[in-house]
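K.L.:
Mind looking over this structure? Questions follow.
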Amino acid sequence: MSRIIYLYLLLTISWLQAAYSRDYRYFASDVEEDYEQRDHFKRIAEKLRDYLSNKDPYFGDHDAGDDQPEITEKDLPANGENFEGDMIMDDRLRRAVLGLNKKRSAIEQALDGHKRHWPNGIVPYLIDESLKPHLRDRVKEAIENFRRKTCIRFVKKTDADKDYVLFKDGKGCSSSVGRQGGEQAIHLAAGCERIGTVQHEMMHALGMVHEQSRSDRDEHIKVRFDHIKEKLRNNFRKYDFGELSDLKTPYNFFSVMHYSNHAFSNDGKATLISIHDPNLHFGQRVQWTCLDLKQINRLYGCPARTHCKGDDELIPDMTERDVERRKRDEMRDLYDNLFDKR
């Protein structure tokens, strides 16, 4: 759809250029009026050309390293080390990234995934003394958000709880993916203060991966591997992660689980570009979107429907349909302004 719009605009520019050229006199018999008309259409053509170059700076561009690179066991970090910036590597995540899940039956994957869920959505937790006071407040705020908007309950650990989450200080923000067994840490340090960041790491602990790792991501984003730091290119892989690959929610650019446009860039240029609108900015960590909540509730089988209408706390979703709708509105405004002679 976006390519059709751009081609239409290019044809419009060509027609406008022909209209004001000296070989065409469609608009008036009077010479002075003819010049005025041609100048007007020339200005419109110039504005449309500027709009195209500003809206799609990557139109027609192709990088030599756009294709996902091959990967082997040695390319991945060891268990316990960070992968994709903030997910702590383990055997299950390793199998998914290496594509080994495709060789396992759906039943095996489902059973494995279920073992990584927190029973009944109850997550025992402790807050370590190392965690800074303002981050403690953020954790408590996020726990309350989960209580109000999902069926997930973070409860203080008791002696009977063997599996639990420990919120603690660390290098950056990181978490394991799903229930690991025993103590597992969610690290929150300087730079992890936004509520969306805390929610992001807690969603990892529930078993959720990054949005741009979805198996359908190539229908929505272009990964520019040439502009990614070489040692970090494996952070941009797509893979099958069992039941998480089938939550039946649209791809969401504004999810708190999505990388930003310039994540891990080696030259300051964008590493991720929306196919639907190359100028779209994403990677927000302000707050959940409705689709984030739907994914949590579907993963854990929350009985109540996710109600988002009128919830001013949430960030609006940005799906393919939302992007196209916004572009149509922008196009309408553009034409209204261009053809206003005043």
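Just remember, in the structure tokens the first chain shown is A, the second B, etc., residues are 1-based per chain, and ligands are 1-based in the order shown.
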Which residues, written as a PDB file with N, CA and C atoms, in the first residue's frame, have at least one atom at most 7 Å from range 208-222 of chain A, with only C-alpha atoms counted and residues fewer than 4 positions away on the same chain left out?
P.N.:
```pdb
ATOM      1  N   VAL A 177      13.985 -15.229  30.723  1.00  0.00           N
ATOM      2  CA  VAL A 177      12.711 -15.352  30.019  1.00  0.00           C
ATOM      3  C   VAL A 177      11.936 -16.531  30.606  1.00  0.00           C
ATOM      4  N   MET A 203       7.849  -8.531  32.039  1.00  0.00           N
ATOM      5  CA  MET A 203       7.225  -9.348  30.987  1.00  0.00           C
ATOM      6  C   MET A 203       8.179 -10.430  30.501  1.00  0.00           C
ATOM      7  N   HIS A 204       9.471 -10.129  30.445  1.00  0.00           N
ATOM      8  CA  HIS A 204      10.451 -11.177  30.141  1.00  0.00           C
ATOM      9  C   HIS A 204      10.354 -12.295  31.183  1.00  0.00           C
ATOM     10  N   PHE A 236      19.214  -9.414  16.564  1.00  0.00           N
ATOM     11  CA  PHE A 236      18.104  -9.021  15.694  1.00  0.00           C
ATOM     12  C   PHE A 236      17.517 -10.214  14.939  1.00  0.00           C
ATOM     13  N   ARG A 237      17.610 -11.381  15.520  1.00  0.00           N
ATOM     14  CA  ARG A 237      17.089 -12.562  14.849  1.00  0.00           C
ATOM     15  C   ARG A 237      15.592 -12.718  15.104  1.00  0.00           C
ATOM     16  N   LYS A 238      14.923 -13.371  14.186  1.00  0.00           N
ATOM     17  CA  LYS A 238      13.526 -13.773  14.400  1.00  0.00           C
ATOM     18  C   LYS A 238      13.550 -15.273  14.682  1.00  0.00           C
ATOM     19  N   TYR A 239      12.642 -15.735  15.529  1.00  0.00           N
ATOM     20  CA  TYR A 239      12.642 -17.149  15.870  1.00  0.00           C
ATOM     21  C   TYR A 239      11.297 -17.572  16.435  1.00  0.00           C
ATOM     22  N   ASP A 240      11.095 -18.869  16.437  1.00  0.00           N
ATOM     23  CA  ASP A 240       9.865 -19.471  16.941  1.00  0.00           C
ATOM     24  C   ASP A 240      10.066 -19.753  18.424  1.00  0.00           C
ATOM     25  N   LEU A 244       4.347 -18.517  22.303  1.00  0.00           N
ATOM     26  CA  LEU A 244       4.442 -17.061  22.172  1.00  0.00           C
ATOM     27  C   LEU A 244       4.318 -16.619  20.725  1.00  0.00           C
ATOM     28  N   SER A 245       4.583 -17.523  19.798  1.00  0.00           N
ATOM     29  CA  SER A 245       4.507 -17.165  18.388  1.00  0.00           C
ATOM     30  C   SER A 245       3.071 -17.201  17.873  1.00  0.00           C
ATOM     31  N   MET A 257       7.812  -3.923  24.314  1.00  0.00           N
ATOM     32  CA  MET A 257       8.761  -4.996  24.046  1.00  0.00           C
ATOM     33  C   MET A 257       9.508  -4.806  22.728  1.00  0.00           C
ATOM     34  N   HIS A 258       9.293  -3.678  22.050  1.00  0.00           N
ATOM     35  CA  HIS A 258       9.924  -3.451  20.739  1.00  0.00           C
ATOM     36  C   HIS A 258      11.209  -2.645  20.881  1.00  0.00           C
ATOM     37  N   TYR A 259      12.254  -3.035  20.132  1.00  0.00           N
ATOM     38  CA  TYR A 259      13.482  -2.248  20.039  1.00  0.00           C
ATOM     39  C   TYR A 259      13.178  -0.872  19.435  1.00  0.00           C
ATOM     40  N   LEU A 272      16.417  -0.413  12.396  1.00  0.00           N
ATOM     41  CA  LEU A 272      15.084  -0.957  12.162  1.00  0.00           C
ATOM     42  C   LEU A 272      14.217   0.107  11.508  1.00  0.00           C
ATOM     43  N   ILE A 273      13.530  -0.258  10.418  1.00  0.00           N
ATOM     44  CA  ILE A 273      12.691   0.684   9.692  1.00  0.00           C
ATOM     45  C   ILE A 273      11.340   0.037   9.430  1.00  0.00           C
ATOM     46  N   SER A 274      10.286   0.770   9.699  1.00  0.00           N
ATOM     47  CA  SER A 274       8.955   0.269   9.392  1.00  0.00           C
ATOM     48  C   SER A 274       8.757   0.191   7.876  1.00  0.00           C
ATOM     49  N   ILE A 275       8.274  -0.937   7.388  1.00  0.00           N
ATOM     50  CA  ILE A 275       7.981  -1.080   5.970  1.00  0.00           C
ATOM     51  C   ILE A 275       6.786  -0.216   5.587  1.00  0.00           C
ATOM     52  N   HIS A 276       5.890  -0.006   6.531  1.00  0.00           N
ATOM     53  CA  HIS A 276       4.657   0.720   6.245  1.00  0.00           C
ATOM     54  C   HIS A 276       4.846   2.236   6.272  1.00  0.00           C
TER      55      HIS A 276
END
```
K.L.:
Do you have the CA of Lys231 in chain A-CA of Phe264 in chain A distance handy?
P.N.:
9.8 Å
K.L.:
What's the 10 Å shell around Lys327 in chain A, counting only C-alpha atoms, without same-chain residues fewer than 3 positions away, as a PyMOL selection string?
P.N.:
chain A and resi 2+5+276-277+321-324+330-333
K.L.:
What would the file look like if the residues just selected were written as an mmCIF file, in the first residue's frame with N, CA and C atoms?
P.N.:
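Written out: part_28.cif:
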```cif
data_model
loop_
_atom_site.group_PDB
_atom_site.id
_atom_site.type_symbol
_atom_site.label_atom_id
_atom_site.label_comp_id
_atom_site.auth_asym_id
_atom_site.auth_seq_id
_atom_site.Cartn_x
_atom_site.Cartn_y
_atom_site.Cartn_z
ATOM 1 N N SER A 2 1.912 1.285 0.834
ATOM 2 C CA SER A 2 2.761 2.475 0.905
ATOM 3 C C SER A 2 3.473 2.731 -0.413
ATOM 4 N N ILE A 5 1.159 4.443 -2.839
ATOM 5 C CA ILE A 5 1.016 5.876 -2.530
ATOM 6 C C ILE A 5 2.193 6.658 -3.087
ATOM 7 N N HIS A 276 5.890 -0.006 6.531
ATOM 8 C CA HIS A 276 4.657 0.720 6.245
ATOM 9 C C HIS A 276 4.846 2.236 6.272
ATOM 10 N N ASP A 277 5.806 2.703 7.059
ATOM 11 C CA ASP A 277 6.119 4.141 7.115
ATOM 12 C C ASP A 277 7.561 4.286 7.594
ATOM 13 N N ARG A 321 -2.428 -1.399 10.420
ATOM 14 C CA ARG A 321 -3.645 -0.655 10.102
ATOM 15 C C ARG A 321 -3.587 0.769 10.658
ATOM 16 N N ASP A 322 -3.057 0.917 11.884
ATOM 17 C CA ASP A 322 -2.943 2.251 12.478
ATOM 18 C C ASP A 322 -1.972 3.129 11.690
ATOM 19 N N VAL A 323 -0.871 2.529 11.232
ATOM 20 C CA VAL A 323 0.117 3.285 10.458
ATOM 21 C C VAL A 323 -0.496 3.774 9.152
ATOM 22 N N GLU A 324 -1.203 2.890 8.450
ATOM 23 C CA GLU A 324 -1.812 3.276 7.177
ATOM 24 C C GLU A 324 -2.879 4.341 7.377
ATOM 25 N N GLU A 330 -2.395 12.123 7.098
ATOM 26 C CA GLU A 330 -1.326 13.060 6.747
ATOM 27 C C GLU A 330 -1.421 13.466 5.281
ATOM 28 N N MET A 331 -1.731 12.500 4.408
ATOM 29 C CA MET A 331 -1.851 12.783 2.990
ATOM 30 C C MET A 331 -3.003 13.747 2.717
ATOM 31 N N ARG A 332 -4.115 13.531 3.418
ATOM 32 C CA ARG A 332 -5.267 14.406 3.246
ATOM 33 C C ARG A 332 -4.919 15.834 3.657
ATOM 34 N N ASP A 333 -4.226 15.967 4.792
ATOM 35 C CA ASP A 333 -3.824 17.301 5.246
ATOM 36 C C ASP A 333 -2.852 17.948 4.269
#
```
K.L.:
Per residue of range 178-237 of chain A within 9 Å of range 285-297 of chain A, which atom pair is closest and at what distance in Å (one decimal), using only C-alpha atoms, listed by chain and increasing number, as a tab-separated table?
P.N.:
```
residue	atom	partner	partner_atom	distance
A:Arg194	CA	A:Val286	CA	6.3
A:Ile195	CA	A:Val286	CA	6.3
A:Gly196	CA	A:Arg285	CA	4.1
A:Thr197	CA	A:Arg285	CA	5.4
A:Val198	CA	A:Arg285	CA	8.7
A:Gln199	CA	A:Trp288	CA	7.7
A:His200	CA	A:Arg285	CA	7.9
A:Met203	CA	A:Ile296	CA	7.7
A:Leu206	CA	A:Ile296	CA	8.2
A:Met208	CA	A:Ile296	CA	8.2
```
K.L.:
Residues near Cys173 in chain A, anyone? I mean within 6 Å using only C-alpha atoms, not counting same-chain ones fewer than 3 positions away, as an mmCIF file with C-alpha atoms, in the first residue's frame.
P.N.:
```cif
data_model
loop_
_atom_site.group_PDB
_atom_site.id
_atom_site.type_symbol
_atom_site.label_atom_id
_atom_site.label_comp_id
_atom_site.auth_asym_id
_atom_site.auth_seq_id
_atom_site.Cartn_x
_atom_site.Cartn_y
_atom_site.Cartn_z
ATOM 1 C CA ASP A 86 18.558 -7.608 28.285
ATOM 2 C CA HIS A 187 18.338 -6.387 37.279
ATOM 3 C CA LEU A 188 17.424 -2.697 37.380
#
```
K.L.:
I need the residues in range 160-334 of chain A that are strand (DSSP E) according to DSSP; give them as a PyMOL selection string.
P.N.:
chain A and resi 164-168+174-176+183-187+221-223+272-274
K.L.:
Any chance you can output those residues with C-alpha atoms as a PDB file, in the first residue's frame?
P.N.:
```
ATOM      1  CA  TYR A 164      10.861 -16.544  42.916  1.00  0.00           C
ATOM      2  CA  VAL A 165      12.049 -13.285  41.354  1.00  0.00           C
ATOM      3  CA  LEU A 166      14.624 -11.085  43.053  1.00  0.00           C
ATOM      4  CA  PHE A 167      14.636  -7.414  42.016  1.00  0.00           C
ATOM      5  CA  LYS A 168      18.200  -6.165  42.440  1.00  0.00           C
ATOM      6  CA  SER A 174      17.929  -7.527  32.329  1.00  0.00           C
ATOM      7  CA  SER A 175      15.831 -10.583  33.104  1.00  0.00           C
ATOM      8  CA  SER A 176      15.544 -14.273  32.326  1.00  0.00           C
ATOM      9  CA  GLU A 183      15.962 -17.662  42.498  1.00  0.00           C
ATOM     10  CA  GLN A 184      16.087 -15.586  39.307  1.00  0.00           C
ATOM     11  CA  ALA A 185      17.042 -11.932  39.110  1.00  0.00           C
ATOM     12  CA  ILE A 186      15.522  -8.919  37.436  1.00  0.00           C
ATOM     13  CA  HIS A 187      18.338  -6.387  37.279  1.00  0.00           C
ATOM     14  CA  ILE A 221      10.065  -4.046   9.588  1.00  0.00           C
ATOM     15  CA  LYS A 222      13.278  -3.983   7.626  1.00  0.00           C
ATOM     16  CA  VAL A 223      16.414  -4.906   9.585  1.00  0.00           C
ATOM     17  CA  LEU A 272      15.084  -0.957  12.162  1.00  0.00           C
ATOM     18  CA  ILE A 273      12.691   0.684   9.692  1.00  0.00           C
ATOM     19  CA  SER A 274       8.955   0.269   9.392  1.00  0.00           C
TER      20      SER A 274
END
```
K.L.:
So, with only C-alpha atoms as the atoms that count, which of A:Asn145, A:Ser130, A:Ser255, A:Asn120 lies closest to Glu313 in chain A?
P.N.:
A:Asn145
K.L.:
Applying 6 Å and only C-alpha atoms, which residues near Ala189 in chain A remain after dropping the ones on its own chain fewer than 2 positions away? List them as a VMD selection string.
P.N.:
chain A and resid 169 to 170 172 192
K.L.:
Store the residues picked out above in a file with C-alpha atoms, as a CSV table (one decimal), in the first residue's frame.
P.N.:
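part.csv was written with the following content:
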```
chain,number,residue,atom,x,y,z
A,169,ASP,CA,20.8,-3.7,41.2
A,170,GLY,CA,23.0,-4.7,38.3
A,172,GLY,CA,21.8,-2.2,33.1
A,192,CYS,CA,15.9,1.6,34.0
```
K.L.:
Quote the spacing between CA of Asp90 in chain A and CA of Gly178 in chain A in Å to one decimal place.
P.N.:
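CA of Gly178 in chain A lies at a distance of 10.1 Å from CA of Asp90 in chain A.
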K.L.:
DSSP on the backbone, alpha helix (DSSP H) only: what residues of range 107-210 of chain A does that give? Format it as a ChimeraX atom specification.
P.N.:
/A:107-115,133-149,195-206
K.L.:
With only C-alpha atoms as the atoms that count, which of A:Leu93, A:Asn261, A:Glu193, A:Phe83 lies nearest to Arg136 in chain A?
P.N.:
A:Glu193
K.L.:
Rounded to one decimal place, report the CA of Arg298 in chain A-CA of Thr150 in chain A distance in Å.
P.N.:
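Straight-line distance from CA of Arg298 in chain A to CA of Thr150 in chain A works out to 9.9 Å.
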